[in-house]
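Structure file upload.csv (CSV, C-alpha atoms and all ligand atoms) follows.
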chain,number,residue,atom,x,y,z
A,23,MET,CA,-2.9,18.1,31.4
A,24,PHE,CA,-0.3,20.8,30.7
A,25,SER,CA,0.1,21.8,34.3
A,26,GLN,CA,0.6,18.2,35.1
A,27,LEU,CA,3.3,17.9,32.3
A,28,GLY,CA,5.0,21.1,33.6
A,29,PHE,CA,5.3,19.6,37.1
A,30,LEU,CA,6.6,16.3,35.7
A,31,VAL,CA,9.2,18.1,33.5
A,32,ARG,CA,10.5,20.1,36.4
A,33,ARG,CA,10.9,16.8,38.4
A,34,ALA,CA,12.3,14.6,35.7
A,35,GLY,CA,14.3,16.8,33.2
A,36,PRO,CA,14.4,17.1,29.4
A,37,SER,CA,14.3,13.4,28.5
A,38,VAL,CA,10.6,13.3,29.5
A,39,VAL,CA,9.8,16.2,27.2
A,40,CYS,CA,11.5,14.4,24.2
A,41,GLY,CA,9.6,11.2,24.9
A,42,ALA,CA,6.2,12.8,25.3
A,43,LEU,CA,6.6,14.8,22.1
A,44,SER,CA,7.6,11.8,20.1
A,45,LEU,CA,4.6,9.8,21.4
A,46,GLY,CA,2.2,12.6,20.6
A,47,ALA,CA,3.6,12.9,17.0
A,48,ALA,CA,3.1,9.1,16.6
A,49,ALA,CA,-0.5,9.4,17.6
A,50,LEU,CA,-1.2,12.2,15.2
A,51,GLN,CA,0.4,10.3,12.3
A,52,ALA,CA,-1.8,7.2,13.0
A,53,GLN,CA,-4.9,9.4,12.6
A,54,ALA,CA,-3.9,11.0,9.3
A,55,ALA,CA,-5.3,8.4,7.0
A,56,THR,CA,-7.9,10.3,5.0
A,57,ILE,CA,-7.4,9.8,1.3
A,58,SER,CA,-7.9,12.6,-1.1
A,59,ASP,CA,-9.3,12.4,-4.7
A,60,PRO,CA,-9.1,15.2,-7.3
A,61,ALA,CA,-12.1,17.5,-7.7
A,62,GLY,CA,-13.6,17.6,-11.2
A,63,ASP,CA,-12.3,14.1,-12.2
A,64,PHE,CA,-15.7,12.7,-13.4
A,65,LEU,CA,-15.3,9.5,-15.4
A,66,SER,CA,-15.4,10.0,-19.1
A,67,THR,CA,-18.0,7.2,-19.2
A,68,PHE,CA,-20.4,9.0,-16.8
A,69,ALA,CA,-23.8,9.5,-18.4
A,70,GLY,CA,-25.0,12.1,-15.9
A,71,SER,CA,-24.1,15.7,-15.4
A,72,THR,CA,-20.7,17.0,-14.4
A,73,ASN,CA,-22.6,19.8,-12.7
A,74,SER,CA,-23.5,17.1,-10.1
A,75,LYS,CA,-20.6,18.1,-7.8
A,76,ASP,CA,-22.1,16.1,-4.9
A,77,LEU,CA,-21.1,13.0,-7.0
A,78,ASP,CA,-17.5,14.1,-7.2
A,79,ILE,CA,-15.6,12.8,-4.1
A,80,VAL,CA,-12.7,14.9,-2.8
A,81,SER,CA,-11.8,12.9,0.3
A,82,ALA,CA,-12.8,9.8,2.2
A,83,SER,CA,-11.9,7.7,5.3
A,84,ALA,CA,-12.9,4.4,6.8
A,85,THR,CA,-12.2,4.1,10.6
A,86,TYR,CA,-12.5,1.0,12.7
A,87,ASP,CA,-12.9,1.1,16.5
A,88,ALA,CA,-12.1,-2.4,17.8
A,89,ALA,CA,-13.3,-1.4,21.3
A,90,THR,CA,-16.9,-0.9,20.0
A,91,ASP,CA,-16.7,-3.1,16.9
A,92,THR,CA,-17.9,-0.1,14.8
A,93,PHE,CA,-16.8,1.2,11.4
A,94,VAL,CA,-17.2,4.9,10.5
A,95,LEU,CA,-17.2,5.7,6.8
A,96,SER,CA,-17.0,9.3,5.8
A,97,SER,CA,-16.7,11.1,2.5
A,98,THR,CA,-16.7,14.7,1.4
A,99,SER,CA,-17.8,15.7,-2.1
A,100,ALA,CA,-17.2,18.9,-4.1
A,101,GLY,CA,-20.8,19.9,-3.7
A,102,ALA,CA,-23.6,19.7,-1.1
A,103,ILE,CA,-24.9,16.2,-0.4
A,104,GLY,CA,-28.6,16.0,-1.5
A,105,SER,CA,-28.1,18.3,-4.6
A,106,THR,CA,-28.7,15.2,-6.7
A,107,SER,CA,-31.7,13.4,-5.1
A,108,THR,CA,-30.9,10.3,-7.2
A,109,ALA,CA,-27.4,10.0,-5.8
A,110,LEU,CA,-26.2,6.7,-4.4
A,111,TYR,CA,-22.9,6.4,-2.6
A,112,VAL,CA,-21.5,2.9,-3.0
A,113,TRP,CA,-18.7,1.8,-0.7
A,114,GLY,CA,-17.0,-1.4,-1.8
A,115,VAL,CA,-15.1,-3.3,0.9
A,116,ASN,CA,-12.7,-6.2,0.7
A,117,GLU,CA,-13.2,-8.3,3.8
A,118,GLY,CA,-10.8,-11.0,2.6
A,119,THR,CA,-12.2,-12.5,-0.6
A,120,GLY,CA,-12.6,-9.3,-2.7
A,121,LYS,CA,-13.0,-9.7,-6.5
A,122,ALA,CA,-12.3,-7.2,-9.2
A,123,GLY,CA,-15.9,-6.4,-10.1
A,124,PHE,CA,-14.7,-3.6,-12.5
A,125,ALA,CA,-11.9,-5.5,-14.2
A,126,ALA,CA,-13.7,-5.3,-17.5
A,127,ASN,CA,-13.8,-1.5,-17.1
A,128,GLY,CA,-10.0,-1.2,-16.7
A,129,LEU,CA,-10.1,-1.3,-12.9
A,130,PRO,CA,-8.5,-4.6,-11.9
A,131,ASP,CA,-7.4,-3.3,-8.4
A,132,VAL,CA,-10.7,-2.1,-7.1
A,133,LEU,CA,-11.6,-5.2,-5.0
A,134,PHE,CA,-14.7,-5.9,-3.0
A,135,ASP,CA,-16.8,-8.7,-1.6
A,136,GLN,CA,-19.5,-6.5,0.1
A,137,VAL,CA,-21.1,-3.2,-0.8
A,138,ILE,CA,-22.5,-0.5,1.5
A,139,LEU,CA,-25.1,1.8,-0.1
A,140,LEU,CA,-25.7,5.2,1.3
A,141,ARG,CA,-28.3,7.7,0.1
A,142,PRO,CA,-28.8,11.5,0.6
A,143,ASP,CA,-32.1,10.9,2.3
A,144,GLY,CA,-30.2,9.4,5.2
A,145,THR,CA,-31.0,5.7,4.5
A,146,GLY,CA,-28.4,3.0,3.9
A,147,ASN,CA,-27.9,-0.7,3.4
A,148,VAL,CA,-25.1,-3.3,3.9
A,149,GLY,CA,-26.0,-5.6,1.0
A,150,SER,CA,-29.7,-6.1,1.4
A,151,ALA,CA,-29.8,-5.3,5.2
A,152,ALA,CA,-31.1,-1.8,6.0
A,153,LEU,CA,-29.0,0.3,8.4
A,154,PRO,CA,-30.8,1.5,11.5
A,155,ALA,CA,-32.3,5.1,11.6
A,156,GLY,CA,-29.6,7.6,12.5
A,157,ALA,CA,-26.7,5.6,11.1
A,158,VAL,CA,-26.2,8.0,8.2
A,159,THR,CA,-25.6,11.6,8.9
A,160,ILE,CA,-25.2,14.5,6.4
A,161,SER,CA,-23.5,17.8,7.0
A,162,GLY,CA,-23.0,20.1,4.0
A,163,ASN,CA,-20.7,18.2,1.6
A,164,THR,CA,-19.9,15.4,4.0
A,165,LEU,CA,-21.8,12.1,4.4
A,166,THR,CA,-20.9,9.8,7.3
A,167,ALA,CA,-22.2,6.4,8.2
A,168,SER,CA,-21.6,4.5,11.5
A,169,ILE,CA,-21.9,0.8,10.9
A,170,SER,CA,-21.8,-2.1,13.4
A,171,GLY,CA,-19.0,-4.5,12.7
A,172,ALA,CA,-21.5,-7.3,13.0
A,173,LEU,CA,-22.9,-6.3,9.6
A,174,LEU,CA,-19.4,-6.6,8.1
A,175,PRO,CA,-18.1,-9.9,9.2
A,176,SER,CA,-14.6,-11.1,8.2
A,177,LYS,CA,-14.1,-13.2,5.1
A,178,GLY,CA,-10.4,-13.7,6.0
A,179,PHE,CA,-9.0,-10.3,6.8
A,180,ALA,CA,-8.9,-8.8,10.3
A,181,LYS,CA,-11.5,-6.0,10.4
A,182,GLY,CA,-8.7,-3.4,10.8
A,183,ASP,CA,-7.2,-4.7,7.6
A,184,TYR,CA,-10.2,-4.3,5.4
A,185,THR,CA,-9.7,-2.1,2.3
A,186,TRP,CA,-12.2,0.2,0.6
A,187,ASN,CA,-13.2,2.2,-2.5
A,188,LEU,CA,-16.1,4.6,-2.9
A,189,TRP,CA,-18.0,5.2,-6.1
A,190,PRO,CA,-21.0,7.5,-6.3
A,191,ARG,CA,-23.7,6.7,-8.8
A,192,ASP,CA,-26.6,8.7,-10.3
A,193,THR,CA,-29.4,6.2,-10.2
A,194,ALA,CA,-31.3,8.2,-12.8
A,195,PHE,CA,-28.8,6.6,-15.2
A,196,SER,CA,-28.9,3.0,-13.8
A,197,SER,CA,-30.0,1.7,-17.2
A,198,LYS,CA,-26.5,2.7,-18.5
A,199,GLY,CA,-24.8,0.3,-16.1
A,200,PHE,CA,-21.2,1.4,-15.5
A,201,GLY,CA,-22.2,4.8,-17.1
A,202,ALA,CA,-24.1,5.6,-13.9
A,203,ILE,CA,-20.9,5.8,-11.9
A,204,ALA,CA,-19.5,9.4,-11.6
A,205,ASP,CA,-16.2,8.8,-9.8
A,206,PHE,CA,-13.9,6.3,-8.0
A,207,ALA,CA,-12.1,7.4,-4.8
A,208,PRO,CA,-9.3,6.6,-4.9
A,209,ASP,CA,-9.1,6.5,-8.8
A,210,LYS,CA,-7.9,2.9,-9.3
A,211,VAL,CA,-7.1,1.1,-6.0
A,212,ASN,CA,-8.5,0.4,-2.6
A,213,PHE,CA,-7.4,2.3,0.5
A,214,ALA,CA,-6.7,1.1,4.0
A,215,THR,CA,-8.8,1.2,7.2
A,216,THR,CA,-7.7,3.7,9.9
A,217,SER,CA,-7.7,2.2,13.4
A,218,ALA,CA,-9.3,4.4,16.0
A,219,VAL,CA,-6.5,5.4,18.4
A,220,PRO,CA,-6.5,7.3,21.8
A,221,GLU,CA,-6.2,11.1,21.7
A,222,PRO,CA,-2.6,12.3,21.5
A,223,ALA,CA,-3.0,13.8,25.0
A,224,THR,CA,-3.7,10.3,26.3
A,225,TYR,CA,-0.7,8.9,24.6
A,226,ALA,CA,1.5,11.7,26.0
A,227,LEU,CA,0.3,11.0,29.6
A,228,MET,CA,0.8,7.3,29.1
A,229,GLY,CA,4.3,8.0,27.8
A,230,VAL,CA,5.2,10.3,30.7
A,231,GLY,CA,4.1,7.5,33.1
A,232,LEU,CA,6.2,4.9,31.4
A,233,LEU,CA,9.2,7.2,31.2
A,234,LEU,CA,9.0,8.1,34.8
A,235,VAL,CA,9.1,4.4,35.7
A,236,GLY,CA,12.2,4.0,33.6
A,237,LEU,CA,13.8,7.2,35.1
A,238,ALA,CA,13.3,5.9,38.6
A,239,GLY,CA,15.9,3.2,37.9
A,240,ARG,CA,18.2,5.4,35.7
A,241,ARG,CA,18.2,8.8,37.3
A,242,ALA,CA,21.9,9.1,37.6
A,243,GLN,CA,22.5,8.4,33.8
A,244,ALA,CA,19.5,10.5,32.5
A,245,PRO,CA,20.6,12.1,29.2
A,246,ARG,CA,20.5,15.9,29.0
A,247,LYS,CA,19.5,16.0,25.3
A,248,CYS,CA,17.2,14.0,22.9
A,249,ARG,CA,19.0,11.0,21.4
A,250,ARG,CA,18.1,9.8,17.9
B,1,CA,CA,-13.2,13.2,-7.4

Would you put the structure from the file into structure tokens?
Amino acid sequence: MFSQLGFLVRRAGPSVVCGALSLGAAALQAQAATISDPAGDFLSTFAGSTNSKDLDIVSASATYDAATDTFVLSSTSAGAIGSTSTALYVWGVNEGTGKAGFAANGLPDVLFDQVILLRPDGTGNVGSAALPAGAVTISGNTLTASISGALLPSKGFAKGDYTWNLWPRDTAFSSKGFGAIADFAPDKVNFATTSAVPEPATYALMGVGLLLVGLAGRRAQAPRKCRR
């Protein structure tokens, strides 16, 4: 990759370097869509223990790969997944007809029309449909689920435009209703889906190719410095 770039730069001059760097930066920006949530922000209504750090979300992301019609949901907690055997990680998704299921609890902007349930034993559901074995993986403080888009059909939004919220519960306190919920991530709103994009190196190579095509017709006027 880099030896190829070096050859192309010697052939085509500095405008290629500027273009390739800009495209690489754009690709990196598109991938940076993990949301963060404060550590230690247990809901005051939580009936369980604030020592259950695995129920305290610190970051989350929802990525959609249109090429494979697959969603990847990933969350990281402040403690190791599995510390609380009764944990249940609930992802609410708005597929187009999301309702404010927690409006009565002061959360009118957490909208969902489907829920995904993930457990520390590696099982999961979309609504009442069980996820296949291996769909849920756990590594330290991080829990990840790979879910076929067929299980999350559109109710109006394009799949890449779905929005999400994640609220871990301790099912030992299910009789308390809302009191079983430890945290919302983000606190009061949904967050956007990240679209899976090619690796930055792929973008850079594509950019170099396109720029060389352009340069072939404009070699005489090629600029010596980046123009903004
Ligand atoms: Ca948190």

Practice task
Write out as a VMD selection string which residues come within 10 Å of Lys198 in chain A when counting all atoms listed in the file, dropping same-chain ones fewer than 3 positions away.
Solution key: chain A and resid 67 to 70 193 to 195 201 to 203

Practice task
For Ser99 in chain A, list every protein, DNA or RNA residue within 8 Å, evaluated using all atoms listed in the file, and leave out those in the same chain fewer than 2 positions away; present the list as a ChimeraX atom specification.
Solution key: /A:75-81,97,101-103,163-164

Could those residues be written to a file, using C-alpha atoms, as a compact mmCIF listing (two decimals), keeping the file's coordinate frame?
# COMPACT_ATOMS: atom_id res chain seq x y z
CA LYS A 75 -20.60 18.10 -7.80
CA ASP A 76 -22.10 16.10 -4.90
CA LEU A 77 -21.10 13.00 -7.00
CA ASP A 78 -17.50 14.10 -7.20
CA ILE A 79 -15.60 12.80 -4.10
CA VAL A 80 -12.70 14.90 -2.80
CA SER A 81 -11.80 12.90 0.30
CA SER A 97 -16.70 11.10 2.50
CA GLY A 101 -20.80 19.90 -3.70
CA ALA A 102 -23.60 19.70 -1.10
CA ILE A 103 -24.90 16.20 -0.40
CA ASN A 163 -20.70 18.20 1.60
CA THR A 164 -19.90 15.40 4.00

Practice task
Enter the distance from CA of Ala167 in chain A to CA of Gly104 in chain A, in Å, rounded to one decimal.
Solution key: 15.1 Å

Exercise for the section: Neighbourhood query: residues within 6 Å of (-23.2, 6.3, -0.1), file coordinates, counting all atoms listed in the file; return as a list in words. Expected result: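 Collected hits near the coordinates: Leu110, Tyr111, Val112, Leu139, Leu140 and Arg141 of chain A.
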
Keeping C-alpha atoms for every residue in the selection just given, could you write it to a file as a tab-separated table (two decimals), keeping the file's coordinate frame?
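Ended up saving to out_37.tsv:
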chain	number	residue	atom	x	y	z
A	110	LEU	CA	-26.20	6.70	-4.40
A	111	TYR	CA	-22.90	6.40	-2.60
A	112	VAL	CA	-21.50	2.90	-3.00
A	139	LEU	CA	-25.10	1.80	-0.10
A	140	LEU	CA	-25.70	5.20	1.30
A	141	ARG	CA	-28.30	7.70	0.10

Exercise for the section: Throw together the list of residues within 7 Å of ligand CA 1 (chain B), counting only C-alpha atoms and all ligand atoms, and drop it here as a ChimeraX atom specification. Expected result: /A:59-64,78-80,205-207

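Coordinates place CA of Asn127 in chain A at a distance of 27.7 Å from CA of Ala151 in chain A.
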
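For Thr119 in chain A, the non-local neighbours within 7 Å, defined as residues at least 4 positions apart in the same chain or in other chains and counting all atoms listed in the file, are A:Asp135, A:Lys177, A:Gly178.
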
Based on the selection just made, write C-alpha atoms of those residues as a PDB file, in the frame of the given file.
ATOM      1  CA  ASP A 135     -16.800  -8.700  -1.600  1.00  0.00           C
ATOM      2  CA  LYS A 177     -14.100 -13.200   5.100  1.00  0.00           C
ATOM      3  CA  GLY A 178     -10.400 -13.700   6.000  1.00  0.00           C
TER       4      GLY A 178
END

Problem - Who sits within 10 Å of range 122-124 of chain A, only C-alpha atoms, same chain under 4 positions skipped, as a PyMOL selection string - result: chain A and resi 114+116+128-135+200+210

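By chain and then residue number, the residues within 6 Å of Phe93 in chain A are A:Thr85, A:Tyr86, A:Ser168, A:Ile169, counting all atoms listed in the file and disregarding those fewer than 3 positions away in sequence.
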